[in-house]
$ cat work_8.txt   # compact mmCIF, C-alpha atoms (C1' of nucleotides)
# COMPACT_ATOMS: atom_id res chain seq x y z
CA MET A 1 91.47 -41.76 -46.46
CA LEU A 2 91.65 -38.03 -45.93
CA SER A 3 88.57 -35.86 -46.27
CA GLN A 4 88.60 -33.11 -48.84
CA GLN A 5 88.84 -30.69 -45.94
CA SER A 6 92.03 -32.11 -44.51
CA LYS A 7 93.55 -32.33 -47.97
CA TYR A 8 92.92 -28.61 -48.32
CA ALA A 9 94.33 -28.12 -44.83
CA VAL A 10 97.56 -29.92 -45.65
CA ARG A 11 98.06 -27.93 -48.82
CA GLY A 12 97.13 -24.66 -47.14
CA VAL A 13 99.48 -25.23 -44.24
CA ILE A 14 102.40 -26.14 -46.46
CA TYR A 15 101.73 -23.06 -48.54
CA LEU A 16 101.73 -20.88 -45.44
CA ALA A 17 104.90 -22.58 -44.22
CA ILE A 18 106.65 -21.63 -47.43
CA HIS A 19 105.30 -18.17 -48.17
CA ALA A 20 104.06 -16.63 -44.93
CA SER A 21 105.77 -15.29 -41.82
CA VAL A 22 105.13 -12.85 -38.96
CA ASN A 23 106.13 -10.04 -41.27
CA ARG A 24 104.25 -11.38 -44.23
CA LYS A 25 100.87 -12.71 -43.17
CA LEU A 26 98.66 -14.13 -45.87
CA GLY A 27 94.87 -13.93 -46.14
CA SER A 28 92.68 -16.92 -46.96
CA ARG A 29 91.85 -15.21 -50.23
CA GLU A 30 95.42 -15.03 -51.43
CA VAL A 31 96.19 -18.58 -50.37
CA GLY A 32 92.93 -20.09 -51.64
CA GLU A 33 93.22 -18.47 -55.02
CA THR A 34 96.80 -19.58 -55.58
CA ILE A 35 96.49 -23.15 -54.44
CA ASN A 36 93.04 -23.44 -55.98
CA VAL A 37 90.88 -24.10 -52.93
CA PRO A 38 87.44 -22.49 -52.38
CA VAL A 39 88.29 -19.32 -50.45
CA PRO A 40 85.52 -19.24 -47.78
CA PHE A 41 85.99 -22.94 -47.18
CA LEU A 42 89.70 -22.49 -46.64
CA ALA A 43 88.93 -19.60 -44.29
CA LYS A 44 86.89 -21.98 -42.11
CA ILE A 45 89.67 -24.53 -42.16
CA PHE A 46 92.27 -21.96 -41.15
CA GLN A 47 89.90 -20.82 -38.42
CA ASN A 48 89.84 -24.32 -36.96
CA LEU A 49 93.58 -24.79 -37.28
CA ASN A 50 94.06 -21.50 -35.47
CA LYS A 51 91.74 -22.59 -32.66
CA GLU A 52 94.07 -25.49 -31.99
CA LYS A 53 97.10 -23.25 -32.36
CA LEU A 54 98.42 -25.13 -35.35
CA ILE A 55 98.67 -21.87 -37.25
CA THR A 56 98.62 -18.26 -36.11
CA SER A 57 96.09 -15.63 -37.17
CA ALA A 58 95.95 -11.86 -36.87
CA LYS A 59 92.95 -9.66 -37.53
CA GLY A 60 92.87 -6.25 -39.12
CA PRO A 61 94.95 -4.61 -41.83
CA LYS A 62 98.15 -6.51 -42.59
CA GLY A 63 96.47 -9.38 -40.82
CA GLY A 64 96.29 -12.93 -42.04
CA PHE A 65 97.79 -16.31 -41.28
CA PHE A 66 101.26 -17.74 -40.80
CA LEU A 67 103.17 -20.41 -38.89
CA ASN A 68 105.55 -19.42 -36.11
CA GLU A 69 108.76 -21.34 -35.47
CA ASP A 70 107.05 -23.63 -33.03
CA GLN A 71 104.28 -24.42 -35.45
CA LEU A 72 106.77 -25.05 -38.24
CA SER A 73 108.27 -27.73 -36.01
CA GLY A 74 104.86 -29.40 -35.77
CA ASN A 75 103.72 -32.21 -38.01
CA LEU A 76 101.04 -32.80 -40.62
CA LEU A 77 99.36 -35.55 -38.63
CA SER A 78 98.21 -32.95 -36.10
CA VAL A 79 96.77 -30.93 -38.95
CA ILE A 80 94.91 -33.93 -40.31
CA LYS A 81 93.66 -34.95 -36.89
CA CYS A 82 92.53 -31.40 -36.13
CA ILE A 83 90.24 -31.55 -39.15
CA ASP A 84 89.23 -35.20 -39.44
CA GLY A 85 89.64 -36.46 -35.90
CA ASN A 86 91.21 -39.86 -35.34
CA GLY A 87 88.38 -41.76 -37.01
CA ASN A 88 89.54 -42.02 -40.60
CA PHE A 89 92.99 -43.22 -39.72
CA ASN A 90 92.28 -45.71 -36.99
CA SER A 91 89.06 -47.20 -38.28
CA CYS A 92 88.80 -50.70 -39.70
CA PHE A 93 89.46 -50.93 -43.41
CA ILE A 94 86.11 -52.60 -44.07
CA GLY A 95 84.23 -50.62 -41.45
CA LEU A 96 83.82 -53.07 -38.56
CA PRO A 97 83.45 -51.27 -35.26
CA GLN A 98 85.02 -54.01 -33.15
CA CYS A 99 87.93 -54.80 -35.44
CA SER A 100 91.25 -55.14 -33.60
CA ASP A 101 94.44 -57.16 -33.59
CA ASP A 102 92.80 -59.68 -31.29
CA ASN A 103 89.60 -59.85 -33.27
CA PRO A 104 90.68 -59.00 -36.79
CA CYS A 105 88.51 -58.60 -39.86
CA SER A 106 89.25 -60.57 -43.02
CA ILE A 107 91.68 -58.02 -44.32
CA HIS A 108 92.83 -56.58 -41.04
CA HIS A 109 96.43 -57.73 -41.38
CA LEU A 110 96.82 -55.84 -44.65
CA ALA A 111 96.05 -52.31 -43.60
CA PRO A 112 97.61 -51.42 -40.26
CA PRO A 113 101.28 -51.96 -41.10
CA LEU A 114 100.89 -49.67 -44.08
CA ARG A 115 98.80 -47.17 -42.25
CA ASN A 116 101.27 -47.11 -39.39
CA THR A 117 104.19 -46.45 -41.68
CA LEU A 118 102.31 -43.53 -43.14
CA ILE A 119 101.26 -42.19 -39.77
CA ASN A 120 104.77 -42.43 -38.36
CA GLU A 121 106.19 -40.53 -41.27
CA LEU A 122 103.53 -37.85 -41.02
CA LYS A 123 104.40 -37.55 -37.36
CA ARG A 124 108.17 -37.71 -37.65
CA LYS A 125 108.74 -35.26 -40.49
CA SER A 126 108.19 -31.63 -39.54
CA ILE A 127 106.10 -29.20 -41.54
CA ARG A 128 109.30 -27.20 -41.94
CA GLU A 129 110.89 -30.14 -43.73
CA PHE A 130 107.89 -30.66 -45.97
CA ALA A 131 107.99 -26.98 -46.84
CA LYS A 132 111.70 -27.15 -47.59
CA ASP A 133 111.26 -30.08 -49.97
CA THR A 134 108.42 -28.34 -51.73
CA LYS A 135 110.42 -25.15 -52.02
CA LYS A 136 113.35 -27.03 -53.52
CA GLY A 137 111.05 -28.13 -56.32
CA LYS A 138 111.11 -31.71 -55.20
CA SER A 139 107.32 -31.60 -54.94
CA HIS A 140 104.36 -29.29 -55.30
CA ILE A 141 101.08 -28.40 -53.63
CA PHE A 142 99.00 -26.98 -56.53
CA MET B 1 89.90 -44.86 -48.38
CA LEU B 2 86.97 -47.16 -49.14
CA SER B 3 83.45 -45.80 -49.32
CA GLN B 4 80.86 -47.24 -46.98
CA GLN B 5 79.37 -48.94 -50.00
CA SER B 6 82.46 -50.86 -50.97
CA LYS B 7 83.04 -51.82 -47.35
CA TYR B 8 79.59 -53.36 -47.36
CA ALA B 9 80.38 -54.97 -50.70
CA VAL B 10 83.56 -56.60 -49.39
CA ARG B 11 81.79 -57.98 -46.35
CA GLY B 12 78.78 -59.12 -48.36
CA VAL B 13 80.92 -60.88 -50.93
CA ILE B 14 82.99 -62.69 -48.33
CA TYR B 15 79.82 -63.76 -46.58
CA LEU B 16 78.42 -65.13 -49.82
CA ALA B 17 81.71 -66.85 -50.55
CA ILE B 18 81.47 -68.68 -47.25
CA HIS B 19 77.79 -69.44 -46.96
CA ALA B 20 76.23 -69.45 -50.43
CA SER B 21 76.49 -71.76 -53.42
CA VAL B 22 74.48 -72.75 -56.54
CA ASN B 23 72.43 -75.02 -54.34
CA ARG B 24 72.09 -72.55 -51.54
CA LYS B 25 71.50 -69.08 -52.83
CA LEU B 26 71.10 -66.31 -50.30
CA GLY B 27 68.84 -63.28 -50.49
CA SER B 28 69.99 -59.76 -49.69
CA ARG B 29 67.68 -59.85 -46.68
CA GLU B 30 69.34 -62.85 -45.08
CA VAL B 31 72.83 -61.55 -45.76
CA GLY B 32 72.12 -57.97 -44.77
CA GLU B 33 70.51 -58.94 -41.51
CA THR B 34 73.30 -61.27 -40.44
CA ILE B 35 76.25 -59.06 -41.34
CA ASN B 36 74.39 -55.96 -40.17
CA VAL B 37 74.14 -53.96 -43.37
CA PRO B 38 71.01 -52.04 -44.44
CA VAL B 39 69.13 -54.59 -46.51
CA PRO B 40 67.86 -52.49 -49.46
CA PHE B 41 71.25 -50.83 -49.71
CA LEU B 42 72.99 -54.17 -49.87
CA ALA B 43 70.48 -55.28 -52.51
CA LYS B 44 71.60 -52.36 -54.69
CA ILE B 45 75.21 -53.23 -54.15
CA PHE B 46 74.66 -56.87 -55.07
CA GLN B 47 72.78 -55.68 -58.13
CA ASN B 48 75.82 -53.75 -59.30
CA LEU B 49 78.22 -56.57 -58.52
CA ASN B 50 75.99 -58.90 -60.52
CA LYS B 51 75.99 -56.51 -63.49
CA GLU B 52 79.74 -56.84 -63.65
CA LYS B 53 79.53 -60.61 -63.15
CA LEU B 54 81.41 -60.48 -59.88
CA ILE B 55 78.63 -62.42 -58.21
CA THR B 56 75.74 -64.46 -59.64
CA SER B 57 72.06 -63.76 -59.09
CA ALA B 58 68.89 -65.77 -59.72
CA LYS B 59 65.36 -64.48 -59.58
CA GLY B 60 62.30 -66.24 -58.25
CA PRO B 61 61.75 -68.77 -55.49
CA LYS B 62 64.98 -70.31 -54.23
CA GLY B 63 66.65 -67.40 -55.94
CA GLY B 64 69.31 -65.21 -54.46
CA PHE B 65 73.04 -64.58 -54.77
CA PHE B 66 76.16 -66.71 -54.75
CA LEU B 67 79.66 -66.88 -56.20
CA ASN B 68 80.51 -69.54 -58.75
CA GLU B 69 83.95 -71.17 -58.87
CA ASP B 70 85.21 -68.60 -61.32
CA GLN B 71 84.03 -65.73 -59.16
CA LEU B 72 85.56 -67.30 -56.06
CA SER B 73 88.88 -67.18 -57.88
CA GLY B 74 88.40 -63.45 -58.38
CA ASN B 75 89.79 -60.80 -56.05
CA LEU B 76 88.49 -58.12 -53.74
CA LEU B 77 90.10 -55.30 -55.68
CA SER B 78 87.64 -55.93 -58.52
CA VAL B 79 84.81 -55.72 -56.02
CA ILE B 80 86.08 -52.44 -54.64
CA LYS B 81 86.70 -51.01 -58.11
CA CYS B 82 83.23 -52.07 -59.26
CA ILE B 83 81.72 -49.95 -56.51
CA ASP B 84 84.14 -47.07 -56.05
CA GLY B 85 85.84 -46.88 -59.43
CA ASN B 86 89.58 -46.33 -59.56
CA GLY B 87 89.39 -42.86 -58.08
CA ASN B 88 89.79 -43.48 -54.39
CA PHE B 89 92.75 -45.77 -54.74
CA ASN B 90 94.77 -44.04 -57.38
CA SER B 91 94.11 -40.47 -56.45
CA CYS B 92 96.71 -38.23 -54.87
CA PHE B 93 96.83 -38.38 -51.11
CA ILE B 94 96.28 -34.64 -50.80
CA GLY B 95 93.91 -34.42 -53.75
CA LEU B 96 96.03 -32.93 -56.52
CA PRO B 97 94.71 -33.87 -59.94
CA GLN B 98 98.08 -33.81 -61.69
CA CYS B 99 100.08 -35.58 -59.01
CA SER B 100 102.41 -38.27 -60.37
CA ASP B 101 105.84 -39.79 -59.86
CA ASP B 102 107.29 -37.20 -62.23
CA ASN B 103 105.45 -34.31 -60.68
CA PRO B 104 104.93 -35.40 -57.09
CA CYS B 105 103.07 -33.60 -54.34
CA SER B 106 104.75 -32.86 -51.01
CA ILE B 107 103.83 -36.21 -49.55
CA HIS B 108 103.62 -38.21 -52.72
CA HIS B 109 106.49 -40.51 -51.84
CA LEU B 110 104.77 -41.60 -48.64
CA ALA B 111 101.52 -42.98 -49.95
CA PRO B 112 102.02 -44.99 -53.13
CA PRO B 113 104.40 -47.67 -51.83
CA LEU B 114 101.95 -48.45 -49.05
CA ARG B 115 98.93 -48.22 -51.26
CA ASN B 116 100.59 -50.46 -53.82
CA THR B 117 101.35 -53.12 -51.25
CA LEU B 118 97.72 -53.09 -50.24
CA ILE B 119 96.47 -53.15 -53.81
CA ASN B 120 98.78 -55.98 -54.77
CA GLU B 121 97.61 -58.07 -51.87
CA LEU B 122 93.96 -57.36 -52.64
CA LYS B 123 94.67 -58.43 -56.21
CA ARG B 124 96.85 -61.47 -55.49
CA LYS B 125 94.76 -63.15 -52.80
CA SER B 126 91.58 -64.77 -54.08
CA ILE B 127 88.18 -64.31 -52.53
CA ARG B 128 88.22 -68.04 -51.92
CA GLU B 129 91.31 -67.61 -49.74
CA PHE B 130 89.80 -64.73 -47.81
CA ALA B 131 86.71 -66.83 -47.22
CA LYS B 132 88.79 -69.75 -46.04
CA ASP B 133 90.67 -67.63 -43.51
CA THR B 134 87.45 -66.16 -42.22
CA LYS B 135 85.86 -69.60 -41.96
CA LYS B 136 88.84 -70.87 -39.98
CA GLY B 137 88.11 -68.21 -37.41
CA LYS B 138 91.25 -66.32 -38.22
CA SER B 139 89.14 -63.25 -38.93
CA HIS B 140 85.56 -62.07 -39.09
CA ILE B 141 83.22 -59.95 -41.21
CA PHE B 142 80.57 -58.85 -38.69
C1' DC C 1 48.85 -72.19 -65.70
C1' DA C 2 48.54 -69.69 -61.20
C1' DT C 3 50.92 -68.28 -57.39
C1' DA C 4 54.53 -66.99 -54.60
C1' DT C 5 59.21 -65.60 -54.33
C1' DA C 6 63.11 -62.82 -55.04
C1' DA C 7 65.96 -59.81 -57.99
C1' DA C 8 65.92 -55.51 -61.20
C1' DG C 9 64.97 -50.96 -61.80
C1' DG C 10 63.87 -46.48 -60.78
C1' DA C 11 62.04 -42.87 -57.83
C1' DC C 12 62.33 -40.94 -53.45
C1' DA C 13 64.17 -39.55 -48.65
C1' DT C 14 67.79 -38.53 -45.35
C1' DA C 15 72.31 -37.43 -43.77
C1' DT C 16 76.75 -35.78 -44.31
C1' DT C 17 80.12 -33.18 -46.52
C1' DT C 18 81.38 -29.39 -49.03
C1' DA C 19 80.87 -24.66 -50.08
C1' DT C 20 78.96 -19.82 -49.56
C1' DC C 21 77.23 -15.66 -47.49
C1' DT C 22 76.46 -12.16 -43.97
C1' DT C 23 77.28 -10.00 -39.71
C1' DT C 24 80.30 -9.11 -35.90
C1' DT C 25 84.73 -8.32 -33.74
C1' DA C 26 89.47 -6.97 -33.55
C1' DT C 27 93.28 -4.08 -34.98
C1' DC C 28 96.29 -1.43 -37.89
C1' DT C 29 96.85 3.16 -40.17
C1' DT C 30 96.07 7.85 -40.70
C1' DA D 1 89.05 8.89 -32.89
C1' DA D 2 87.54 7.29 -37.88
C1' DG D 3 87.95 4.37 -41.53
C1' DA D 4 89.59 0.40 -43.71
C1' DT D 5 91.05 -4.25 -43.43
C1' DA D 6 90.84 -9.02 -42.34
C1' DA D 7 89.59 -12.86 -39.26
C1' DA D 8 85.68 -15.00 -36.26
C1' DA D 9 81.30 -16.73 -35.98
C1' DG D 10 77.19 -18.46 -37.33
C1' DA D 11 73.51 -19.19 -40.72
C1' DT D 12 72.48 -20.90 -45.10
C1' DA D 13 72.93 -23.37 -49.62
C1' DA D 14 74.45 -26.98 -52.76
C1' DA D 15 76.35 -31.37 -53.77
C1' DT D 16 77.20 -35.99 -52.77
C1' DA D 17 76.70 -40.26 -50.35
C1' DT D 18 73.79 -43.14 -47.93
C1' DG D 19 69.63 -45.39 -47.24
C1' DT D 20 64.42 -46.63 -48.39
C1' DC D 21 60.42 -47.72 -50.98
C1' DC D 22 57.51 -49.25 -54.68
C1' DT D 23 56.61 -51.28 -59.12
C1' DT D 24 58.08 -54.47 -62.69
C1' DT D 25 60.19 -58.70 -64.36
C1' DA D 26 61.72 -63.40 -64.18
C1' DT D 27 61.32 -68.10 -62.50
C1' DA D 28 60.69 -72.14 -59.55
C1' DT D 29 57.01 -75.00 -57.81
C1' DG D 30 52.48 -76.89 -56.98
$ encode --input "work_8.txt" --output "structure tokens"
Amino acid sequence: MLSQQSKYAVRGVIYLAIHASVNRKLGSREVGETINVPVPFLAKIFQNLNKEKLITSAKGPKGGFFLNEDQLSGNLLSVIKCIDGNGNFNSCFIGLPQCSDDNPCSIHHLAPPLRNTLINELKRKSIREFAKDTKKGKSHIF
Amino acid sequence: MLSQQSKYAVRGVIYLAIHASVNRKLGSREVGETINVPVPFLAKIFQNLNKEKLITSAKGPKGGFFLNEDQLSGNLLSVIKCIDGNGNFNSCFIGLPQCSDDNPCSIHHLAPPLRNTLINELKRKSIREFAKDTKKGKSHIF
DNA sequence: CATATAAAGGACATATTTATCTTTTATCTT
DNA sequence: AAGATAAAAGATAAATATGTCCTTTATATG
């Protein structure tokens, strides 16, 4: 459902949300090594997230990545879409290009309700909230 | 969520369920061309499904593939698992190897209930039923 | 039995995704 | 201003998934 890349993105972003801030920017190296994601690959991912202003970057010494308050209020769906596009989420479960509610595939009725629930939750819940839950020990990212 | 291969498999199997029988076996060519799946690729897929006795094959003239009564009573989850293994379905949504109910990832609670609903339905409903619905025009496979 | 047909099997080719490396650019610190 | 640090950018490499081809094996039919 999610590409490896957007899985890394989700984990990276949550990690930044918890551990980084304007005063404590984190490099791709530090993040990648702790959450166990290939460092140069994560760097690329962060680069793309930064381009779409989903995270903030700063060059030079004491540089690195973090999420500002605005970005912490964002959601994980944007992160996933930034990396994967809409394709993976909206596409037909068995890969038919013309599959729709009007012209459904054999298993069309199964997927969308579930997918929509997931999407809505990924949209509704802020990154800040995800970070908070993870911090509390309710969940983990590595 | 499903690989291209298992998407093809699902569509191919439903097509066979509708149009093939012991007395009317269909070749990968005929199936592939009508449902718009690369023929040699579909042949490979059918080969694997046959190995696991999810479909039946016969060599020689008038040979081809079909589903017997027993196989029609089977489910699509077996088809998907035969091609993709368990990995794609059971794996953590954000790709953590040790993710579980006891040790959940940040978004663990979101995915499994949905995934389980889907899995249960793919297990409960027989291929025969899927074929029937498709035949009725309620849905399509190409 | 000979022939034609179609699957089985395995090698090969292409495309896409994942991962790495190197150079350039920006910026903080002294 | 000079040096060090870290991201940006783009080229390259490796791995995996997708797709094709060719030879062998089995079998129905004349």
$ interface_residues --input "work_8.txt" --of "chain D" --to "chain A" --cutoff "9 Å" --atoms "all atoms listed in the file" --output "VMD selection string"
chain D and resid 4 to 8
$ write_last_selection --input "work_8.txt" --atoms "C-alpha atoms (C1' of nucleotides)" --output "mmCIF file, in the frame of the given file"
data_model
loop_
_atom_site.group_PDB
_atom_site.id
_atom_site.type_symbol
_atom_site.label_atom_id
_atom_site.label_comp_id
_atom_site.auth_asym_id
_atom_site.auth_seq_id
_atom_site.Cartn_x
_atom_site.Cartn_y
_atom_site.Cartn_z
ATOM 1 C "C1'" DA D 4 89.590 0.400 -43.710
ATOM 2 C "C1'" DT D 5 91.050 -4.250 -43.430
ATOM 3 C "C1'" DA D 6 90.840 -9.020 -42.340
ATOM 4 C "C1'" DA D 7 89.590 -12.860 -39.260
ATOM 5 C "C1'" DA D 8 85.680 -15.000 -36.260
#
$ calpha_fit_and_write --input "work_8.txt" --fixed "chain B" --moving "chain A" --output "compact mmCIF listing (two decimals) with C-alpha atoms, in the frame of the given file"
# COMPACT_ATOMS: atom_id res chain seq x y z
CA MET A 1 89.93 -44.93 -48.48
CA LEU A 2 87.01 -47.19 -49.25
CA SER A 3 83.49 -45.82 -49.44
CA GLN A 4 80.90 -47.23 -47.09
CA GLN A 5 79.40 -48.94 -50.11
CA SER A 6 82.50 -50.88 -51.05
CA LYS A 7 83.08 -51.82 -47.43
CA TYR A 8 79.61 -53.35 -47.42
CA ALA A 9 80.41 -54.99 -50.75
CA VAL A 10 83.57 -56.62 -49.43
CA ARG A 11 81.80 -57.96 -46.38
CA GLY A 12 78.79 -59.10 -48.39
CA VAL A 13 80.92 -60.90 -50.94
CA ILE A 14 82.99 -62.68 -48.34
CA TYR A 15 79.81 -63.73 -46.58
CA LEU A 16 78.40 -65.12 -49.81
CA ALA A 17 81.69 -66.87 -50.52
CA ILE A 18 81.46 -68.66 -47.21
CA HIS A 19 77.76 -69.43 -46.88
CA ALA A 20 76.22 -69.44 -50.35
CA SER A 21 76.44 -71.78 -53.33
CA VAL A 22 74.43 -72.77 -56.41
CA ASN A 23 72.36 -75.03 -54.21
CA ARG A 24 72.07 -72.56 -51.41
CA LYS A 25 71.45 -69.08 -52.75
CA LEU A 26 71.08 -66.30 -50.24
CA GLY A 27 68.80 -63.26 -50.43
CA SER A 28 69.98 -59.73 -49.65
CA ARG A 29 67.70 -59.81 -46.64
CA GLU A 30 69.35 -62.80 -45.04
CA VAL A 31 72.84 -61.52 -45.74
CA GLY A 32 72.15 -57.91 -44.76
CA GLU A 33 70.54 -58.86 -41.49
CA THR A 34 73.35 -61.18 -40.44
CA ILE A 35 76.27 -59.00 -41.34
CA ASN A 36 74.43 -55.89 -40.20
CA VAL A 37 74.18 -53.90 -43.43
CA PRO A 38 71.04 -51.98 -44.49
CA VAL A 39 69.12 -54.56 -46.54
CA PRO A 40 67.87 -52.46 -49.51
CA PHE A 41 71.27 -50.83 -49.78
CA LEU A 42 72.99 -54.18 -49.91
CA ALA A 43 70.48 -55.29 -52.54
CA LYS A 44 71.61 -52.39 -54.77
CA ILE A 45 75.23 -53.28 -54.20
CA PHE A 46 74.65 -56.92 -55.09
CA GLN A 47 72.76 -55.75 -58.15
CA ASN A 48 75.80 -53.83 -59.35
CA LEU A 49 78.20 -56.65 -58.56
CA ASN A 50 75.97 -58.98 -60.54
CA LYS A 51 75.95 -56.61 -63.51
CA GLU A 52 79.71 -56.97 -63.69
CA LYS A 53 79.47 -60.71 -63.13
CA LEU A 54 81.37 -60.58 -59.88
CA ILE A 55 78.57 -62.50 -58.21
CA THR A 56 75.70 -64.53 -59.61
CA SER A 57 72.01 -63.84 -59.04
CA ALA A 58 68.85 -65.84 -59.63
CA LYS A 59 65.30 -64.54 -59.49
CA GLY A 60 62.24 -66.28 -58.18
CA PRO A 61 61.68 -68.76 -55.37
CA LYS A 62 64.90 -70.31 -54.10
CA GLY A 63 66.58 -67.42 -55.84
CA GLY A 64 69.27 -65.23 -54.39
CA PHE A 65 72.98 -64.63 -54.72
CA PHE A 66 76.12 -66.74 -54.69
CA LEU A 67 79.62 -66.94 -56.16
CA ASN A 68 80.45 -69.63 -58.71
CA GLU A 69 83.88 -71.25 -58.82
CA ASP A 70 85.14 -68.70 -61.27
CA GLN A 71 83.98 -65.83 -59.15
CA LEU A 72 85.51 -67.38 -56.04
CA SER A 73 88.83 -67.26 -57.88
CA GLY A 74 88.38 -63.52 -58.40
CA ASN A 75 89.80 -60.88 -56.11
CA LEU A 76 88.49 -58.18 -53.79
CA LEU A 77 90.10 -55.37 -55.76
CA SER A 78 87.63 -56.01 -58.59
CA VAL A 79 84.81 -55.78 -56.08
CA ILE A 80 86.11 -52.49 -54.74
CA LYS A 81 86.70 -51.08 -58.19
CA CYS A 82 83.24 -52.17 -59.34
CA ILE A 83 81.73 -50.01 -56.61
CA ASP A 84 84.16 -47.13 -56.17
CA GLY A 85 85.87 -46.97 -59.54
CA ASN A 86 89.62 -46.41 -59.66
CA GLY A 87 89.43 -42.91 -58.20
CA ASN A 88 89.83 -43.52 -54.49
CA PHE A 89 92.82 -45.76 -54.87
CA ASN A 90 94.84 -43.94 -57.47
CA SER A 91 94.14 -40.37 -56.46
CA CYS A 92 96.72 -38.13 -54.83
CA PHE A 93 96.80 -38.33 -51.06
CA ILE A 94 96.27 -34.59 -50.68
CA GLY A 95 93.93 -34.28 -53.64
CA LEU A 96 96.10 -32.75 -56.37
CA PRO A 97 94.82 -33.63 -59.81
CA GLN A 98 98.21 -33.53 -61.52
CA CYS A 99 100.17 -35.37 -58.85
CA SER A 100 102.50 -38.03 -60.26
CA ASP A 101 105.92 -39.55 -59.75
CA ASP A 102 107.40 -36.92 -62.04
CA ASN A 103 105.54 -34.06 -60.44
CA PRO A 104 104.98 -35.23 -56.89
CA CYS A 105 103.08 -33.48 -54.13
CA SER A 106 104.72 -32.82 -50.77
CA ILE A 107 103.77 -36.18 -49.38
CA HIS A 108 103.62 -38.12 -52.60
CA HIS A 109 106.50 -40.44 -51.76
CA LEU A 110 104.74 -41.63 -48.61
CA ALA A 111 101.53 -43.02 -50.00
CA PRO A 112 102.07 -45.00 -53.19
CA PRO A 113 104.41 -47.69 -51.89
CA LEU A 114 101.93 -48.47 -49.15
CA ARG A 115 98.95 -48.23 -51.39
CA ASN A 116 100.61 -50.48 -53.94
CA THR A 117 101.37 -53.13 -51.38
CA LEU A 118 97.75 -53.12 -50.36
CA ILE A 119 96.49 -53.19 -53.92
CA ASN A 120 98.78 -56.04 -54.89
CA GLU A 121 97.62 -58.11 -51.98
CA LEU A 122 93.98 -57.41 -52.74
CA LYS A 123 94.67 -58.51 -56.28
CA ARG A 124 96.83 -61.53 -55.54
CA LYS A 125 94.75 -63.20 -52.84
CA SER A 126 91.57 -64.82 -54.11
CA ILE A 127 88.16 -64.33 -52.55
CA ARG A 128 88.21 -68.07 -51.93
CA GLU A 129 91.29 -67.65 -49.75
CA PHE A 130 89.79 -64.75 -47.85
CA ALA A 131 86.69 -66.83 -47.24
CA LYS A 132 88.77 -69.77 -46.05
CA ASP A 133 90.65 -67.63 -43.53
CA THR A 134 87.44 -66.15 -42.25
CA LYS A 135 85.86 -69.57 -41.96
CA LYS A 136 88.83 -70.86 -39.99
CA GLY A 137 88.13 -68.18 -37.41
CA LYS A 138 91.26 -66.30 -38.25
CA SER A 139 89.13 -63.24 -38.96
CA HIS A 140 85.55 -62.05 -39.12
CA ILE A 141 83.23 -59.92 -41.22
CA PHE A 142 80.55 -58.82 -38.70
$ interface_residues --input "work_8.txt" --of "chain B" --to "chain A" --cutoff "7 Å" --atoms "all atoms listed in the file" --output "PyMOL selection string"
chain B and resi 1+7+94-96+103-106+110-111+114+118+130+134+139-142
$ atom_distance --input "work_8.txt" --atom1 "atom CA of B:Gln71" --atom2 "atom CA of B:Arg24"
15.7 Å
$ closest_residue --input "work_8.txt" --among "C:DT30, C:DA19, C:DA2, C:DG10" --to "chain A" --atoms "only C-alpha atoms (C1' of nucleotides)"
C:DA19
$ residues_around --input "work_8.txt" --residues "D:DA17" --least-positions-apart "4" --cutoff "12 Å" --atoms "all atoms listed in the file" --output "list in words"
Ser3, Gln4, Gln5, Phe41 and Asp84 of chain B; DT14, DA15, DT16, DT17 and DT18 of chain C
$ closest_residue --input "work_8.txt" --among "B:Pro112, B:Lys125, B:Leu54, B:Lys25" --to "B:Phe66" --atoms "all atoms listed in the file"
B:Lys25
$ closest_residue --input "work_8.txt" --among "D:DG19, D:DG3, D:DA14, D:DT24" --to "C:DT27" --atoms "only C-alpha atoms (C1' of nucleotides)"
D:DG3
$ atom_distance --input "work_8.txt" --atom1 "atom CA of B:Ser21" --atom2 "atom CA of B:Asn86"
29.3 Å
$ atom_distance --input "work_8.txt" --atom1 "atom CA of B:Arg124" --atom2 "atom CA of A:Ser91"
23.7 Å
$ interface_residues --input "work_8.txt" --of "chain C" --to "chain B" --cutoff "12 Å" --atoms "all atoms listed in the file" --output "PyMOL selection string"
chain C and resi 3-10
$ residues_around --input "work_8.txt" --residues "D:DG10" --least-positions-apart "4" --cutoff "12 Å" --atoms "only C-alpha atoms (C1' of nucleotides)" --output "ChimeraX atom specification"
/A:44 /C:21-24
$ axis_aligned_box --input "work_8.txt" --around "stretch 11-19 of chain C" --padding-each-side "6 Å" --output "JSON"
{"center_x": 71.7, "center_y": -33.8, "center_z": -50.8, "size_x": 31.3, "size_y": 30.2, "size_z": 26.1}
$ residues_around --input "work_8.txt" --residues "A:Asp70" --least-positions-apart "5" --cutoff "12 Å" --atoms "only C-alpha atoms (C1' of nucleotides)" --output "PyMOL selection string"
chain A and resi 17+53-56+75+126-128
$ residues_around --input "work_8.txt" --residues "C:DA11" --least-positions-apart "2" --cutoff "12 Å" --atoms "all atoms listed in the file" --output "ChimeraX atom specification"
/C:9,13 /D:20-23
